[in-house]
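Engineer: Input coords-v1.tsv, format and content: TSV, C-alpha atoms and all ligand atoms.
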chain	number	residue	atom	x	y	z
A	234	MET	CA	0.00	0.00	0.00
A	235	ARG	CA	0.88	3.64	-0.31
A	236	LEU	CA	-0.22	5.19	3.00
A	237	LEU	CA	-0.49	8.78	4.12
A	238	ILE	CA	0.36	8.78	7.84
A	239	CYS	CA	-0.48	12.14	9.40
A	240	GLY	CA	1.43	12.82	12.62
A	241	GLY	CA	3.83	10.02	11.69
A	242	ALA	CA	6.86	11.77	13.22
A	243	GLY	CA	5.38	11.43	16.72
A	244	PHE	CA	5.38	8.51	19.13
A	245	ILE	CA	2.65	6.14	17.92
A	246	GLY	CA	2.69	7.32	14.30
A	247	SER	CA	6.43	6.62	13.87
A	248	ASN	CA	6.12	3.17	15.45
A	249	PHE	CA	3.20	2.48	13.10
A	250	ALA	CA	5.15	3.71	10.05
A	251	ARG	CA	8.01	1.37	11.03
A	252	GLN	CA	5.62	-1.60	11.27
A	253	ARG	CA	3.97	-0.79	7.94
A	254	VAL	CA	7.33	-0.53	6.14
A	255	ASN	CA	9.01	-3.53	7.82
A	256	ASP	CA	6.08	-5.94	8.20
A	257	HIS	CA	3.83	-4.98	5.27
A	258	GLY	CA	6.30	-3.58	2.70
A	259	ASP	CA	4.31	-0.34	2.43
A	260	GLU	CA	5.50	2.96	1.09
A	261	VAL	CA	4.59	5.72	3.53
A	262	VAL	CA	4.19	9.47	3.19
A	263	VAL	CA	4.29	11.26	6.55
A	264	LEU	CA	2.61	14.65	6.88
A	265	ASP	CA	3.74	16.25	10.13
A	266	LYS	CA	3.87	19.79	11.52
A	267	LEU	CA	6.92	18.84	13.61
A	268	THR	CA	5.64	20.39	16.82
A	269	TYR	CA	7.67	19.86	20.00
A	270	ALA	CA	6.46	16.22	19.87
A	271	GLY	CA	7.32	15.47	16.24
A	272	ARG	CA	10.87	14.45	15.35
A	273	PRO	CA	12.18	13.50	11.89
A	274	GLU	CA	14.82	11.28	13.56
A	275	ASN	CA	11.97	8.99	14.70
A	276	LEU	CA	11.76	7.90	11.03
A	277	ALA	CA	15.49	7.93	10.19
A	278	ASP	CA	15.85	4.13	10.00
A	279	LEU	CA	13.11	3.86	7.35
A	280	GLY	CA	15.21	5.46	4.61
A	281	ALA	CA	13.55	5.92	1.22
A	282	ALA	CA	10.44	3.92	2.25
A	283	ALA	CA	9.22	6.99	4.17
A	284	THR	CA	8.84	10.48	2.72
A	285	LEU	CA	8.34	13.36	5.15
A	286	VAL	CA	6.20	16.33	4.14
A	287	HIS	CA	6.60	19.10	6.72
A	288	GLY	CA	3.21	20.75	7.15
A	289	ALA	CA	0.01	20.98	9.16
A	290	ILE	CA	-3.11	18.89	8.60
A	291	GLU	CA	-5.19	22.07	8.82
A	292	ASP	CA	-3.35	23.44	5.74
A	293	PRO	CA	-5.26	22.22	2.63
A	294	ALA	CA	-2.32	22.95	0.28
A	295	LYS	CA	0.07	20.80	2.35
A	296	VAL	CA	-2.50	18.04	2.59
A	297	ALA	CA	-2.92	18.09	-1.21
A	298	GLU	CA	0.89	17.97	-1.61
A	299	ALA	CA	1.08	14.96	0.71
A	300	ILE	CA	-1.70	13.09	-1.10
A	301	GLY	CA	0.11	13.82	-4.38
A	302	GLU	CA	-0.92	11.46	-7.19
A	303	GLY	CA	-2.97	9.49	-4.69
A	304	VAL	CA	-2.75	7.24	-1.64
A	305	ASP	CA	-4.63	4.03	-0.78
A	306	ALA	CA	-5.55	5.26	2.70
A	307	ILE	CA	-5.06	8.07	5.19
A	308	VAL	CA	-4.29	7.18	8.81
A	309	ASN	CA	-4.56	10.25	11.01
A	310	PHE	CA	-2.44	10.32	14.18
A	311	ALA	CA	-1.76	14.06	14.01
A	312	ALA	CA	-2.91	15.72	17.22
A	313	GLU	CA	-2.04	17.76	20.23
A	314	THR	CA	-1.98	14.92	22.74
A	315	HIS	CA	-1.00	15.97	26.26
A	316	VAL	CA	-3.88	16.47	28.71
A	317	ASP	CA	-1.88	18.81	30.99
A	318	ARG	CA	-0.99	21.10	28.06
A	319	SER	CA	-4.66	21.18	27.02
A	320	ILE	CA	-5.52	22.52	30.47
A	321	SER	CA	-3.01	25.37	30.26
A	322	GLY	CA	-3.55	26.12	26.53
A	323	PRO	CA	-6.54	24.55	24.75
A	324	ASP	CA	-6.52	26.57	21.48
A	325	ALA	CA	-4.02	24.45	19.57
A	326	PHE	CA	-6.04	21.36	20.52
A	327	VAL	CA	-9.15	22.61	18.77
A	328	GLU	CA	-7.18	23.86	15.77
A	329	THR	CA	-5.42	20.53	15.13
A	330	ASN	CA	-7.75	17.90	16.58
A	331	VAL	CA	-11.01	19.39	15.28
A	332	ARG	CA	-10.26	21.71	12.37
A	333	GLY	CA	-7.31	19.64	11.16
A	334	SER	CA	-9.49	16.51	11.08
A	335	LEU	CA	-12.08	18.40	9.02
A	336	VAL	CA	-9.49	19.54	6.45
A	337	LEU	CA	-8.20	15.96	6.11
A	338	LEU	CA	-11.69	14.51	5.71
A	339	GLU	CA	-12.56	17.05	3.04
A	340	ALA	CA	-9.32	16.28	1.16
A	341	ALA	CA	-10.01	12.53	1.41
A	342	ARG	CA	-13.52	13.05	0.04
A	343	THR	CA	-12.59	15.37	-2.83
A	344	SER	CA	-9.54	13.41	-3.94
A	345	GLY	CA	-11.28	10.02	-3.78
A	346	VAL	CA	-9.13	8.38	-1.07
A	347	ALA	CA	-10.61	4.91	-0.54
A	348	ARG	CA	-10.17	4.63	3.22
A	349	TYR	CA	-9.76	7.03	6.16
A	350	VAL	CA	-8.66	5.84	9.62
A	351	GLN	CA	-8.97	8.25	12.55
A	352	ILE	CA	-6.79	7.46	15.55
A	353	SER	CA	-8.72	8.32	18.66
A	354	THR	CA	-8.67	7.64	22.37
A	355	ASP	CA	-10.54	5.95	25.21
A	356	GLU	CA	-10.58	9.38	26.90
A	357	VAL	CA	-13.59	10.42	24.76
A	358	TYR	CA	-15.71	8.08	26.96
A	359	GLY	CA	-14.70	9.90	30.17
A	360	SER	CA	-14.12	8.00	33.41
A	361	ILE	CA	-15.71	4.66	34.41
A	362	ALA	CA	-15.98	3.39	37.99
A	363	GLU	CA	-16.68	-0.28	37.19
A	364	GLY	CA	-16.74	-2.49	34.11
A	365	SER	CA	-15.37	-1.44	30.71
A	366	PHE	CA	-16.32	0.89	27.89
A	367	THR	CA	-17.72	-0.55	24.68
A	368	GLU	CA	-17.98	1.25	21.34
A	369	GLU	CA	-21.61	2.02	22.27
A	370	SER	CA	-20.68	3.87	25.48
A	371	PRO	CA	-21.67	7.55	25.53
A	372	ILE	CA	-19.09	10.18	24.64
A	373	VAL	CA	-18.47	12.20	27.84
A	374	PRO	CA	-15.03	13.80	27.57
A	375	SER	CA	-13.58	15.57	30.63
A	376	SER	CA	-10.58	17.59	29.42
A	377	PRO	CA	-10.08	20.07	26.56
A	378	TYR	CA	-7.86	17.36	25.00
A	379	SER	CA	-10.51	14.64	25.09
A	380	ALA	CA	-13.27	17.08	24.07
A	381	SER	CA	-11.26	18.06	20.98
A	382	LYS	CA	-10.65	14.39	20.13
A	383	ALA	CA	-14.39	13.73	20.49
A	384	GLY	CA	-15.05	16.67	18.14
A	385	GLY	CA	-12.73	15.09	15.55
A	386	ASP	CA	-14.50	11.72	15.93
A	387	LEU	CA	-17.92	13.29	15.40
A	388	LEU	CA	-16.75	14.96	12.19
A	389	VAL	CA	-15.43	11.60	10.98
A	390	GLN	CA	-18.83	10.00	11.65
A	391	SER	CA	-20.53	12.87	9.82
A	392	TYR	CA	-18.39	12.27	6.71
A	393	PHE	CA	-19.42	8.62	6.70
A	394	HIS	CA	-23.12	9.36	7.11
A	395	THR	CA	-23.29	12.39	4.81
A	396	TYR	CA	-20.81	11.58	2.03
A	397	ARG	CA	-20.31	7.79	2.49
A	398	LEU	CA	-16.57	8.33	2.86
A	399	GLU	CA	-15.16	4.96	4.04
A	400	THR	CA	-14.10	5.92	7.54
A	401	VAL	CA	-13.13	3.88	10.59
A	402	ILE	CA	-12.25	5.14	14.06
A	403	CYS	CA	-9.74	3.34	16.24
A	404	ARG	CA	-9.83	4.27	19.95
A	405	GLY	CA	-6.73	3.24	21.89
A	406	SER	CA	-5.98	3.10	25.60
A	407	ASN	CA	-2.77	4.51	27.18
A	408	ASN	CA	0.22	3.59	25.00
A	409	TYR	CA	3.83	3.21	26.13
A	410	GLY	CA	7.06	2.12	24.44
A	411	PRO	CA	10.05	3.53	22.51
A	412	TYR	CA	10.03	7.10	21.12
A	413	GLN	CA	7.43	8.47	23.56
A	414	TYR	CA	7.96	12.14	24.45
A	415	PRO	CA	8.92	12.34	28.14
A	416	GLU	CA	5.98	14.52	29.17
A	417	LYS	CA	3.85	11.33	29.46
A	418	LEU	CA	3.77	9.26	32.67
A	419	ILE	CA	5.95	6.27	31.77
A	420	PRO	CA	8.88	7.93	29.94
A	421	LEU	CA	8.83	10.83	32.44
A	422	MET	CA	9.12	8.46	35.39
A	423	VAL	CA	11.69	6.25	33.63
A	424	LEU	CA	14.00	9.16	32.80
A	425	ASN	CA	13.60	10.72	36.25
A	426	ALA	CA	14.35	7.35	37.88
A	427	LEU	CA	17.45	6.88	35.67
A	428	HIS	CA	18.64	10.35	36.79
A	429	GLY	CA	17.75	9.85	40.49
A	430	ASP	CA	15.22	12.73	40.25
A	431	LYS	CA	11.88	12.93	42.08
A	432	LEU	CA	8.88	11.11	40.52
A	433	PRO	CA	5.87	13.50	40.58
A	434	VAL	CA	2.67	11.51	41.21
A	435	TYR	CA	-0.62	13.43	40.90
A	436	GLY	CA	-3.12	13.21	43.76
A	437	ASP	CA	-3.24	9.88	45.60
A	438	GLY	CA	-1.72	7.90	42.70
A	439	LEU	CA	-4.76	5.61	42.53
A	440	ASN	CA	-6.03	6.63	39.08
A	441	VAL	CA	-6.26	3.56	36.85
A	442	ARG	CA	-5.02	3.33	33.26
A	443	ASN	CA	-5.21	0.48	30.75
A	444	TRP	CA	-1.62	0.17	29.43
A	445	LEU	CA	-1.03	-0.92	25.83
A	446	PHE	CA	2.39	-1.54	24.27
A	447	VAL	CA	2.71	0.70	21.20
A	448	GLU	CA	3.45	-2.20	18.81
A	449	ASP	CA	0.23	-3.91	19.91
A	450	PHE	CA	-1.70	-0.73	19.14
A	451	GLY	CA	-0.07	-0.60	15.69
A	452	ARG	CA	-1.13	-4.19	14.99
A	453	GLY	CA	-4.66	-3.34	16.09
A	454	ILE	CA	-4.75	-0.34	13.75
A	455	SER	CA	-3.56	-2.54	10.88
A	456	HIS	CA	-6.40	-4.99	11.58
A	457	VAL	CA	-8.91	-2.13	11.51
A	458	LEU	CA	-7.34	-0.64	8.37
A	459	ALA	CA	-7.64	-3.98	6.57
A	460	HIS	CA	-10.87	-5.42	7.97
A	461	GLY	CA	-12.85	-2.70	9.80
A	462	ALA	CA	-16.36	-2.08	8.53
A	463	PRO	CA	-16.96	1.43	7.11
A	464	GLY	CA	-18.53	3.85	9.58
A	465	GLU	CA	-17.59	1.73	12.60
A	466	VAL	CA	-15.61	2.43	15.77
A	467	TYR	CA	-13.11	-0.11	17.18
A	468	ASN	CA	-11.64	0.03	20.69
A	469	VAL	CA	-8.08	-1.26	21.12
A	470	GLY	CA	-7.33	-1.65	24.83
A	471	GLY	CA	-4.26	-2.88	26.69
A	472	PRO	CA	-4.13	-6.26	28.45
A	473	SER	CA	-3.75	-4.85	31.97
A	474	GLU	CA	-5.04	-2.16	34.28
A	475	SER	CA	-2.77	-0.57	36.87
A	476	THR	CA	-2.92	2.33	39.27
A	477	ASN	CA	-0.33	5.01	38.61
A	478	ILE	CA	1.45	4.22	41.85
A	479	GLU	CA	1.76	0.55	40.84
A	480	VAL	CA	3.37	1.66	37.55
A	481	VAL	CA	5.74	4.01	39.37
A	482	ARG	CA	6.74	1.31	41.89
A	483	GLU	CA	7.44	-1.14	39.05
A	484	ILE	CA	9.65	1.47	37.32
A	485	LEU	CA	11.53	2.09	40.57
A	486	ALA	CA	12.03	-1.66	41.04
A	487	GLN	CA	13.21	-2.22	37.45
A	488	THR	CA	15.66	0.72	37.66
A	489	GLY	CA	17.01	-0.30	41.08
A	490	ASN	CA	15.64	2.73	42.95
A	491	GLY	CA	13.83	3.08	46.28
A	492	GLU	CA	10.43	4.59	47.01
A	493	SER	CA	11.94	7.70	48.60
A	494	LEU	CA	12.00	9.18	45.07
A	495	ILE	CA	8.16	9.30	44.97
A	496	ASP	CA	6.70	12.78	45.44
A	497	TYR	CA	2.91	13.17	45.66
A	498	ILE	CA	1.94	16.53	44.14
A	499	THR	CA	-1.27	18.50	43.53
A	500	ASP	CA	-3.76	16.60	41.40
A	501	ARG	CA	-4.48	17.36	37.72
A	502	PRO	CA	-7.76	19.39	37.46
A	503	GLY	CA	-10.65	17.22	36.26
A	504	HIS	CA	-8.45	14.10	36.51
A	505	ASP	CA	-10.31	11.03	35.16
A	506	ARG	CA	-10.22	8.32	37.82
A	507	ARG	CA	-10.32	5.16	35.75
A	508	TYR	CA	-10.23	4.04	32.12
A	509	SER	CA	-11.02	0.49	31.05
A	510	LEU	CA	-11.49	-0.31	27.40
A	511	GLY	CA	-13.34	-3.40	26.13
A	512	SER	CA	-11.78	-4.69	22.88
A	513	GLU	CA	-14.10	-7.57	21.90
A	514	LYS	CA	-14.97	-5.99	18.55
A	515	VAL	CA	-11.36	-5.73	17.33
A	516	ARG	CA	-10.66	-9.21	18.74
A	517	ALA	CA	-13.36	-10.48	16.43
A	518	LEU	CA	-11.21	-9.13	13.56
A	519	GLY	CA	-8.35	-11.35	14.75
A	520	TRP	CA	-6.36	-8.95	16.98
A	521	GLU	CA	-4.95	-9.83	20.38
A	522	ALA	CA	-2.46	-7.92	22.55
A	523	GLN	CA	0.85	-9.80	22.51
A	524	VAL	CA	2.96	-7.86	25.01
A	525	GLY	CA	2.30	-8.08	28.76
A	526	PHE	CA	2.92	-5.02	30.94
A	527	GLU	CA	6.05	-6.22	32.79
A	528	ASP	CA	7.71	-7.31	29.57
A	529	GLY	CA	6.68	-4.15	27.67
A	530	LEU	CA	7.91	-1.96	30.51
A	531	LYS	CA	11.28	-3.76	30.55
A	532	ARG	CA	11.62	-3.26	26.77
A	533	THR	CA	10.72	0.41	27.21
A	534	ILE	CA	13.21	1.02	30.04
A	535	ASP	CA	15.94	-0.78	28.03
A	536	TRP	CA	15.18	1.42	25.02
A	537	TYR	CA	15.49	4.65	27.05
A	538	ARG	CA	18.71	3.35	28.68
A	539	ASP	CA	20.19	2.57	25.25
A	540	ASN	CA	19.03	5.72	23.44
A	541	ALA	CA	20.32	8.67	25.43
A	542	ALA	CA	21.15	10.37	22.11
A	543	TRP	CA	17.38	10.47	21.43
A	544	TRP	CA	16.25	12.00	24.73
A	545	GLU	CA	19.24	14.16	25.73
A	546	PRO	CA	18.39	17.00	23.30
A	547	ILE	CA	14.74	16.82	24.40
A	548	ARG	CA	15.56	17.07	28.10
A	549	SER	CA	17.79	20.06	27.55
A	550	GLY	CA	15.44	21.89	25.14
A	551	GLU	CA	11.72	22.81	25.05
A	552	PHE	CA	10.94	20.06	27.54
A	553	ARG	CA	13.11	21.57	30.27
A	554	GLU	CA	11.21	24.85	30.05
A	555	TYR	CA	7.86	22.99	30.13
A	556	TYR	CA	9.00	20.83	33.04
A	557	GLU	CA	10.13	23.74	35.14
A	558	LYS	CA	6.94	25.67	34.51
A	559	HIS	CA	4.64	22.70	35.10
A	560	TYR	CA	6.39	20.95	38.00
A	561	GLY	CA	8.85	23.55	39.32
A	562	ARG	CA	6.92	24.81	42.31
A	563	ALA	CA	5.47	21.40	43.20
A	564	LEU	CA	8.90	19.74	43.22
A	565	GLY	CA	10.61	22.64	44.95
A	601	LIG	P1	2.56	12.63	19.91
A	601	LIG	O1	2.27	13.89	20.62
A	601	LIG	O2	3.76	11.84	20.27
A	601	LIG	O3	2.65	12.91	18.34
A	601	LIG	C1	1.77	13.76	17.67
A	601	LIG	C2	2.35	14.05	16.29
A	601	LIG	O4	1.43	14.88	15.57
A	601	LIG	C3	3.68	14.80	16.34
A	601	LIG	O5	4.58	14.25	15.41
A	601	LIG	C4	3.29	16.23	15.96
A	601	LIG	O6	4.34	16.96	15.35
A	601	LIG	C5	2.15	15.96	15.00
A	601	LIG	N1	1.23	17.09	14.87
A	601	LIG	C6	0.70	17.86	15.87
A	601	LIG	N2	-0.10	18.81	15.35
A	601	LIG	C7	-0.08	18.64	14.01
A	601	LIG	C8	-0.72	19.29	12.93
A	601	LIG	N3	-1.53	20.35	13.14
A	601	LIG	N4	-0.49	18.86	11.68
A	601	LIG	C9	0.36	17.82	11.45
A	601	LIG	N5	1.00	17.17	12.43
A	601	LIG	C10	0.77	17.57	13.70
A	601	LIG	O7	1.24	11.77	20.05
A	601	LIG	P2	1.00	10.19	20.16
A	601	LIG	O8	1.02	9.81	21.57
A	601	LIG	O9	1.85	9.50	19.18
A	601	LIG	O10	-0.53	10.13	19.69
A	601	LIG	C11	-0.86	9.92	18.32
A	601	LIG	C12	-2.36	9.82	18.18
A	601	LIG	O11	-2.86	8.73	18.97
A	601	LIG	C13	-3.13	11.05	18.66
A	601	LIG	O12	-4.19	11.28	17.78
A	601	LIG	C14	-3.63	10.66	20.04
A	601	LIG	O13	-4.81	11.37	20.35
A	601	LIG	C15	-3.88	9.19	19.84
A	601	LIG	N6	-3.77	8.35	21.05
A	601	LIG	C16	-2.67	8.45	21.86
A	601	LIG	C17	-2.56	7.58	22.95
A	601	LIG	C18	-1.36	7.61	23.88
A	601	LIG	O14	-1.38	6.97	24.90
A	601	LIG	N7	-0.29	8.33	23.56
A	601	LIG	C19	-3.58	6.65	23.21
A	601	LIG	C20	-4.69	6.60	22.36
A	601	LIG	C21	-4.76	7.45	21.27
A	602	LIG	O1	-5.91	7.03	27.45
A	602	LIG	C1	-5.30	7.44	26.25
A	602	LIG	C2	-4.62	8.76	26.48
A	602	LIG	O2	-3.49	8.49	27.28
A	602	LIG	C3	-4.20	9.46	25.19
A	602	LIG	O3	-5.34	9.79	24.46
A	602	LIG	C4	-3.39	10.72	25.51
A	602	LIG	O4	-2.92	11.32	24.31
A	602	LIG	C5	-2.23	10.35	26.38
A	602	LIG	O5	-1.53	11.51	26.77
A	602	LIG	C6	-2.70	9.59	27.62
A	602	LIG	O6	-3.42	10.47	28.52
A	602	LIG	P1	-3.24	10.37	30.11
A	602	LIG	O7	-3.59	11.66	30.71
A	602	LIG	O8	-3.89	9.16	30.65
A	602	LIG	O9	-1.65	10.10	30.13
A	602	LIG	P2	-0.45	10.73	30.99
A	602	LIG	O10	0.76	9.96	30.65
A	602	LIG	O11	-0.40	12.21	30.92
A	602	LIG	O12	-0.90	10.35	32.47
A	602	LIG	C7	-1.16	9.00	32.84
A	602	LIG	C8	-1.60	9.00	34.30
A	602	LIG	O13	-0.50	9.41	35.11
A	602	LIG	C9	-2.71	9.98	34.59
A	602	LIG	O14	-3.57	9.43	35.58
A	602	LIG	C10	-1.99	11.20	35.16
A	602	LIG	C11	-0.80	10.58	35.87
A	602	LIG	N1	0.42	11.42	35.90
A	602	LIG	C12	0.89	11.93	34.73
A	602	LIG	C13	2.01	12.73	34.71
A	602	LIG	C14	2.52	13.32	33.42
A	602	LIG	C15	1.08	11.67	37.11
A	602	LIG	O15	0.68	11.17	38.18
A	602	LIG	N2	2.19	12.45	37.08
A	602	LIG	C16	2.67	13.02	35.94
A	602	LIG	O16	3.69	13.76	36.02
Written as structure tokens, that's how I'd like the structure from this file.
Structural biologist:
Amino acid sequence: MRLLICGGAGFIGSNFARQRVNDHGDEVVVLDKLTYAGRPENLADLGAAATLVHGAIEDPAKVAEAIGEGVDAIVNFAAETHVDRSISGPDAFVETNVRGSLVLLEAARTSGVARYVQISTDEVYGSIAEGSFTEESPIVPSSPYSASKAGGDLLVQSYFHTYRLETVICRGSNNYGPYQYPEKLIPLMVLNALHGDKLPVYGDGLNVRNWLFVEDFGRGISHVLAHGAPGEVYNVGGPSESTNIEVVREILAQTGNGESLIDYITDRPGHDRRYSLGSEKVRALGWEAQVGFEDGLKRTIDWYRDNAAWWEPIRSGEFREYYEKHYGRALG
């Protein structure tokens, strides 16, 4: 296939591009704005199989350039993705996650792209005290991030119903693995633990997340791309649920650190208590998570240990400024 992967220079998109090139022999075009989270070096090992177009999904001319003579499908990962940043500055979230999705859908429709896959999130369902979300669960987002993702999803559904564009939506649970920007829980805690820095846990640390190794998410997306029914939503959830404090303790154990590094800090406003994503529908397409949490976490920690050249420039650049502003006072 010739695939247009929007946001393919970020964490999940670059892992997906790697899988498509190495496991499926695809040719991929990546359209990416290269925000703080997008890095061309995430695609460096793919050589000529990946072409990077630097541009925003909300820019119709750049989208047309990326589609070029035509692509078999568009897979849209491009988004502002960090909940904490959406609380301090929501504008960019609406611009990319809502308006950007609309521009892409319109380009797919007018240029006759056969298939459009929107990468979405379990956060659109809000928080659940017991049981698990299904694809029929109501959309009740809590943060500006999840509200903007829900807005994108609703536009996707509207393009299926109104124009019969062949869309599918893939909603993933919390991903972790190589190439994840260290603002997110697992890489943040891993790098802090490797440096002997404090590990900032929000609130009581008992919020529950459903962890999914990034390669398993990629395989789930490929199943949906190949076999998903037009107009449908597919949840792709991780094999295990853990409280944040359990994750942090496991990272401390695997990096040989003690619990004195844990620092409980002020909770995130509107913090969703628990996510749990039922994945029966994508299982019926033949997908199953292959990587258990302990194993995936070990692979992730090993990757960060072995790839200091990847994270060193991040930790000394934009991220340092963000970190000091966001955590500075809390961590003294
Ligand atoms: P990320 O922040 O690592 O990467 C996002 C990428 O999108 C970056 O390369 C960035 O440069 C690019 N981008 C941002 N705005 C853009 C724009 N206007 N035009 C073009 N490119 C733009 O994010 P991620 O964690 O890889 O998430 C990818 C997708 O998966 C997102 O849609 C996110 O909502 C969804 N998702 C993430 C998770 C998770 O746990 N990380 C779970 C479920 C779903
Ligand atoms: O569920 C899927 C979502 O997972 C994706 O849609 C988002 O793009 C992605 O960012 C992620 O959102 P979360 O808010 O769940 O992930 P984050 O890594 O920011 O936080 C995970 C949990 O850890 C959450 O309960 C907040 C907590 N946390 C996070 C950070 C950054 C802390 O306790 N301390 C921290 O410093």
Engineer: Taking into account all atoms listed in the file, which residue in the set A:Tyr435, A:Trp543, A:Trp444, A:Tyr555 is nearest to ligand LIG 601 (chain A)?
Structural biologist: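 Of the candidates, the smallest distance to ligand LIG 601 (chain A) is held by A:Trp444.
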Engineer: Residues near stretch 445-459 of chain A, anyone? I mean within 8 Å using only C-alpha atoms, not counting same-chain ones fewer than 6 positions away, as a PyMOL selection string.
Structural biologist: chain A and resi 245+248-249+252+348+350+401+403+405-411+467+469-473+515+518-526+529
Engineer: Identify which of the residues A:Ala289, A:Ile238, A:Val331, A:Val481 lies closest to ligand LIG 601 (chain A), counting only C-alpha atoms and all ligand atoms when measuring atom-to-atom distances.
Structural biologist: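 Distance minimum relative to ligand LIG 601 (chain A) lands on A:Ala289.
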Engineer: Report as a tab-separated table: every residue of chain A with an atom at most 7 Å from ligand LIG 601 (chain A), its closest pair of atoms, and their distance in Å to one decimal, counting only C-alpha atoms and all ligand atoms, with rows sorted by chain and ascending residue number.
Structural biologist:
residue	atom	partner	partner_atom	distance
A:Cys239	CA	A:LIG601	N5	6.1
A:Gly240	CA	A:LIG601	O4	3.6
A:Gly241	CA	A:LIG601	O5	5.7
A:Ala242	CA	A:LIG601	O5	4.0
A:Gly243	CA	A:LIG601	O5	3.2
A:Phe244	CA	A:LIG601	O9	3.7
A:Ile245	CA	A:LIG601	O9	3.7
A:Gly246	CA	A:LIG601	O9	5.4
A:Leu264	CA	A:LIG601	C9	6.0
A:Asp265	CA	A:LIG601	N5	3.7
A:Lys266	CA	A:LIG601	N5	4.0
A:Leu267	CA	A:LIG601	O6	3.6
A:Thr268	CA	A:LIG601	O6	4.0
A:Tyr269	CA	A:LIG601	O6	6.4
A:Ala270	CA	A:LIG601	C3	4.7
A:Gly271	CA	A:LIG601	O5	3.1
A:Arg272	CA	A:LIG601	O5	6.3
A:Gly288	CA	A:LIG601	C9	5.9
A:Ala289	CA	A:LIG601	N4	3.3
A:Ile290	CA	A:LIG601	N4	4.0
A:Glu291	CA	A:LIG601	N3	5.9
A:Asn309	CA	A:LIG601	O12	6.9
A:Phe310	CA	A:LIG601	C12	4.0
A:Ala311	CA	A:LIG601	O4	3.6
A:Ala312	CA	A:LIG601	C6	4.4
A:Glu313	CA	A:LIG601	C6	5.2
A:Thr314	CA	A:LIG601	O1	4.9
A:His315	CA	A:LIG601	O1	6.8
A:Thr329	CA	A:LIG601	N3	4.4
A:Gly333	CA	A:LIG601	N3	6.2
A:Ile352	CA	A:LIG601	O12	5.1
A:Ser353	CA	A:LIG601	C21	4.8
A:Thr354	CA	A:LIG601	C21	4.1
A:Asp355	CA	A:LIG601	C20	6.5
A:Lys382	CA	A:LIG601	O13	6.6
A:Arg404	CA	A:LIG601	C21	6.1
A:Gly405	CA	A:LIG601	C20	4.0
A:Ser406	CA	A:LIG601	C19	4.9
A:Asn407	CA	A:LIG601	O14	3.6
A:Asn408	CA	A:LIG601	O14	3.7
A:Tyr409	CA	A:LIG601	O14	6.5
A:Gln413	CA	A:LIG601	O2	6.0
A:Tyr414	CA	A:LIG601	O2	5.9
Engineer: One number please: atom CA of A:Ala281 to atom CA of A:Val304, in Å, one decimal.
Structural biologist: 16.6 Å
Engineer: Please list as a PyMOL selection string every residue within 10 Å of A:Gly359, counting all atoms listed in the file and excluding residues in the same chain fewer than 2 positions away.
Structural biologist: chain A and resi 355-357+361+366+370-376+379-380+504-508
Engineer: Rank A:Pro377, A:Gly280, A:Gly429, A:Gly303 by their smallest atom-to-atom distance to A:Ala325, using all atoms listed in the file, and report the top residue only.
Structural biologist: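 Ranked by minimum distance to A:Ala325, first place goes to A:Pro377.
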Engineer: Of the residues A:Asp386, A:Tyr396, A:Ile320, A:Ser365, which is the one nearest to A:Asn443, using all atoms listed in the file?
Structural biologist: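 So, comparing all the options, the nearest one is A:Ser365.
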Engineer: Determine the axis-aligned bounding box of all atoms of ligand LIG 602 (chain A) present in the file, pad each side by 3 Å, and express its centre and edge lengths in Å to one decimal place as lines of an AutoDock Vina configuration file.
Structural biologist:
center_x = -1.1
center_y = 10.4
center_z = 31.2
size_x = 15.6
size_y = 12.7
size_z = 19.9
Engineer: Quick one: distance from atom CA of A:Asn440 to atom O14 of ligand LIG 602 (chain A) in Å, one decimal?
Structural biologist: 5.1 Å
Engineer: Which of these, A:Ala282, A:Leu427, A:Ala362, A:Leu510, has the shortest distance to ligand LIG 602 (chain A) once you count all atoms listed in the file?
Structural biologist: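 Once distances to ligand LIG 602 (chain A) are computed over all atoms listed in the file, the minimum belongs to A:Leu510.
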Engineer: For ligand LIG 602 (chain A), which residue among A:Arg253, A:Arg318, A:Arg516, A:Arg532 is the nearest when counting only C-alpha atoms and all ligand atoms?
Structural biologist: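 Looking at the shortest contact to ligand LIG 602 (chain A), the residue is A:Arg318.
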